[in-house]
Amino acid sequence: MKRRDALMNTAGLAALSALTPSKAFSAETAGNLGEVIIPPSQEMGKEKHVPIIDAPAAVKAGEPFQVTVQVGKVVKHPNTIEHHIRWIQLYAIEEGSKYVVNLGTFDFAPTFADPKVTIPIMLQKNSTIYALEHCNLHGLWDYAVKVTVS
Ligand SMILES: [Fe+2]
């Protein structure tokens, strides 16, 4: 008997071959990233991880304005090699669109960089701005603000 035939006769492989794609690991069984992002409500009043966005509530179409994202604005987050904010990402989605635009990704060196960033952006339509941050010990956290464009 060849090695391949011997392997195909084992109970484990027979069971494995009986699996349909829906029973195997797939995108449907794995869930989605949104399920593991921790919302601001988890730290209500003592935000240490929430990437708080400061942006004007209303802007003019096409005119640059400043957006600041800061982790630890309310309660300072640790900034050590062992426990720190690794990065912040900033996204926007225009009202009525289903496509998210990545406005920027910002990496922070522990103990050297404060997890705070300010960038100029321009919007053409009413939009929601999202910030996502990653703490090396406590995972992904998000925040969002709406900006009206006239
Ligand atoms: Fe943390």
# chains A, B, ... in the order shown; residues from 1 in each chain; ligands from 1

$ select_by_dssp --residues "chain A" --states "strand (DSSP E)" --output "ChimeraX atom specification"
/A:51-54,58-59,65-71,85-94,101-107,116-121,127-135,139-149

$ write_last_selection --atoms "C-alpha atoms" --output "short mmCIF file (atom, residue, chain, number, x, y, z; two decimals), in the first residue's frame"
data_model
loop_
_atom_site.label_atom_id
_atom_site.label_comp_id
_atom_site.auth_asym_id
_atom_site.auth_seq_id
_atom_site.Cartn_x
_atom_site.Cartn_y
_atom_site.Cartn_z
CA PRO A 51 -8.91 57.54 20.27
CA ILE A 52 -10.79 60.77 20.82
CA ILE A 53 -11.20 62.90 17.69
CA ASP A 54 -11.24 66.68 17.84
CA ALA A 58 -19.12 72.03 10.43
CA VAL A 59 -16.69 72.87 7.62
CA PHE A 65 -9.24 71.80 8.40
CA GLN A 66 -7.35 70.21 11.27
CA VAL A 67 -8.33 66.89 12.81
CA THR A 68 -6.59 65.75 15.98
CA VAL A 69 -6.76 62.22 17.36
CA GLN A 70 -5.42 61.52 20.85
CA VAL A 71 -5.34 58.41 23.00
CA ILE A 85 -0.30 52.49 21.92
CA ARG A 86 1.14 51.01 18.73
CA TRP A 87 -0.80 52.95 16.10
CA ILE A 88 -3.77 55.13 15.21
CA GLN A 89 -5.63 54.95 11.91
CA LEU A 90 -8.02 57.60 10.67
CA TYR A 91 -10.86 56.95 8.22
CA ALA A 92 -13.72 58.89 6.64
CA ILE A 93 -16.90 57.85 4.93
CA GLU A 94 -19.12 60.28 3.04
CA VAL A 101 -11.33 56.09 2.87
CA ASN A 102 -8.15 55.63 4.91
CA LEU A 103 -6.96 59.16 5.75
CA GLY A 104 -3.76 58.02 7.38
CA THR A 105 -1.96 55.48 9.55
CA PHE A 106 0.36 56.66 12.31
CA ASP A 107 2.82 54.43 14.16
CA LYS A 116 -1.51 62.07 19.40
CA VAL A 117 -1.63 63.21 15.79
CA THR A 118 -3.02 66.20 13.91
CA ILE A 119 -3.55 66.21 10.16
CA PRO A 120 -5.26 68.56 7.73
CA ILE A 121 -8.10 66.98 5.75
CA SER A 127 -19.02 62.68 6.52
CA THR A 128 -18.25 60.53 9.52
CA ILE A 129 -14.64 60.42 10.65
CA TYR A 130 -13.51 57.26 12.43
CA ALA A 131 -10.39 56.67 14.48
CA LEU A 132 -9.06 53.22 15.31
CA GLU A 133 -6.20 52.57 17.71
CA HIS A 134 -4.29 49.52 18.87
CA CYS A 135 -2.96 49.00 22.39
CA GLY A 139 -6.64 45.49 21.58
CA LEU A 140 -8.55 47.67 19.16
CA TRP A 141 -10.61 50.69 20.16
CA ASP A 142 -12.60 53.11 18.05
CA TYR A 143 -14.33 56.48 18.08
CA ALA A 144 -16.30 58.50 15.54
CA VAL A 145 -17.56 62.03 14.90
CA LYS A 146 -19.84 63.50 12.27
CA VAL A 147 -18.82 66.56 10.28
CA THR A 148 -21.36 68.66 8.37
CA VAL A 149 -20.10 70.09 5.07
#

$ select_by_dssp --residues "stretch 26-143 of chain A" --states "alpha helix (DSSP H)" --output "number ranges by chain"
A: 27-30

$ closest_atom_pairs --of "chain A" --to "ligand 1" --cutoff "7 Å" --atoms "only C-alpha atoms and all ligand atoms" --output "tab-separated table"
residue	atom	partner	partner_atom_place_in_ligand_line	distance
A:His49	CA	ligand 1	1 (Fe)	6.3
A:His77	CA	ligand 1	1 (Fe)	6.4
A:Pro78	CA	ligand 1	1 (Fe)	6.8
A:His83	CA	ligand 1	1 (Fe)	6.1
A:His84	CA	ligand 1	1 (Fe)	6.2
A:Ile85	CA	ligand 1	1 (Fe)	6.9
A:Cys135	CA	ligand 1	1 (Fe)	4.9
A:Asn136	CA	ligand 1	1 (Fe)	6.6
A:Leu137	CA	ligand 1	1 (Fe)	5.4
A:His138	CA	ligand 1	1 (Fe)	4.8

$ closest_residue --among "A:Asn126, A:Ser97, A:Thr111, A:Gln42" --to "A:Thr80" --atoms "only C-alpha atoms"
A:Thr111

$ residues_around --residues "A:Met122" --least-positions-apart "5" --cutoff "6 Å" --atoms "only C-alpha atoms" --output "list in words"
Gly62, Glu63 and Pro64 of chain A

$ write_last_selection --atoms "N, CA and C atoms" --output "mmCIF file, in the first residue's frame"
data_model
loop_
_atom_site.group_PDB
_atom_site.id
_atom_site.type_symbol
_atom_site.label_atom_id
_atom_site.label_comp_id
_atom_site.auth_asym_id
_atom_site.auth_seq_id
_atom_site.Cartn_x
_atom_site.Cartn_y
_atom_site.Cartn_z
ATOM 1 N N GLY A 62 -14.254 71.248 0.564
ATOM 2 C CA GLY A 62 -12.965 71.389 -0.098
ATOM 3 C C GLY A 62 -11.934 72.222 0.636
ATOM 4 N N GLU A 63 -12.300 72.815 1.766
ATOM 5 C CA GLU A 63 -11.336 73.635 2.518
ATOM 6 C C GLU A 63 -10.665 72.796 3.598
ATOM 7 N N PRO A 64 -9.331 72.817 3.652
ATOM 8 C CA PRO A 64 -8.626 72.020 4.658
ATOM 9 C C PRO A 64 -8.964 72.473 6.084
#

$ closest_residue --among "A:Glu95, A:Lys76, A:Glu47, A:Pro40" --to "A:Asp114" --atoms "only C-alpha atoms"
A:Lys76

$ decode --residues "stretch 18-74 of chain A" --atoms "C-alpha atoms" --output "compact mmCIF listing (two decimals), in the first residue's frame"
# COMPACT_ATOMS: atom_id res chain seq x y z
CA ALA A 18 -16.67 14.74 4.49
CA LEU A 19 -16.67 18.35 5.65
CA THR A 20 -18.47 20.72 3.36
CA PRO A 21 -16.93 24.15 2.88
CA SER A 22 -19.55 25.70 5.18
CA LYS A 23 -18.41 23.48 8.06
CA ALA A 24 -14.76 24.22 7.55
CA PHE A 25 -13.08 27.44 8.62
CA SER A 26 -14.44 30.25 6.48
CA ALA A 27 -15.27 33.94 6.55
CA GLU A 28 -18.82 33.03 7.60
CA THR A 29 -17.71 31.12 10.69
CA ALA A 30 -14.89 33.49 11.60
CA GLY A 31 -17.06 36.56 12.17
CA ASN A 32 -15.74 40.01 11.32
CA LEU A 33 -13.27 42.54 12.68
CA GLY A 34 -16.01 44.85 13.92
CA GLU A 35 -16.97 42.26 16.54
CA VAL A 36 -13.61 42.62 18.32
CA ILE A 37 -13.27 46.39 18.19
CA ILE A 38 -13.96 47.80 21.66
CA PRO A 39 -16.41 50.74 21.67
CA PRO A 40 -15.91 54.00 23.64
CA SER A 41 -18.72 53.00 26.03
CA GLN A 42 -16.38 50.44 27.63
CA GLU A 43 -14.41 53.28 29.25
CA MET A 44 -17.13 55.86 29.73
CA GLY A 45 -15.79 58.70 31.88
CA LYS A 46 -12.28 57.28 32.24
CA GLU A 47 -11.22 57.00 28.61
CA LYS A 48 -7.66 55.67 28.52
CA HIS A 49 -7.80 53.81 25.20
CA VAL A 50 -10.45 55.67 23.24
CA PRO A 51 -8.91 57.54 20.27
CA ILE A 52 -10.79 60.77 20.82
CA ILE A 53 -11.20 62.90 17.69
CA ASP A 54 -11.24 66.68 17.84
CA ALA A 55 -12.70 68.11 14.63
CA PRO A 56 -15.00 70.99 13.78
CA ALA A 57 -18.71 70.07 13.68
CA ALA A 58 -19.12 72.03 10.43
CA VAL A 59 -16.69 72.87 7.62
CA LYS A 60 -16.75 74.27 4.10
CA ALA A 61 -16.49 71.86 1.16
CA GLY A 62 -12.96 71.39 -0.10
CA GLU A 63 -11.34 73.64 2.52
CA PRO A 64 -8.63 72.02 4.66
CA PHE A 65 -9.24 71.80 8.40
CA GLN A 66 -7.35 70.21 11.27
CA VAL A 67 -8.33 66.89 12.81
CA THR A 68 -6.59 65.75 15.98
CA VAL A 69 -6.76 62.22 17.36
CA GLN A 70 -5.42 61.52 20.85
CA VAL A 71 -5.34 58.41 23.00
CA GLY A 72 -5.22 59.14 26.73
CA LYS A 73 -6.84 62.57 26.55
CA VAL A 74 -8.99 61.91 29.64
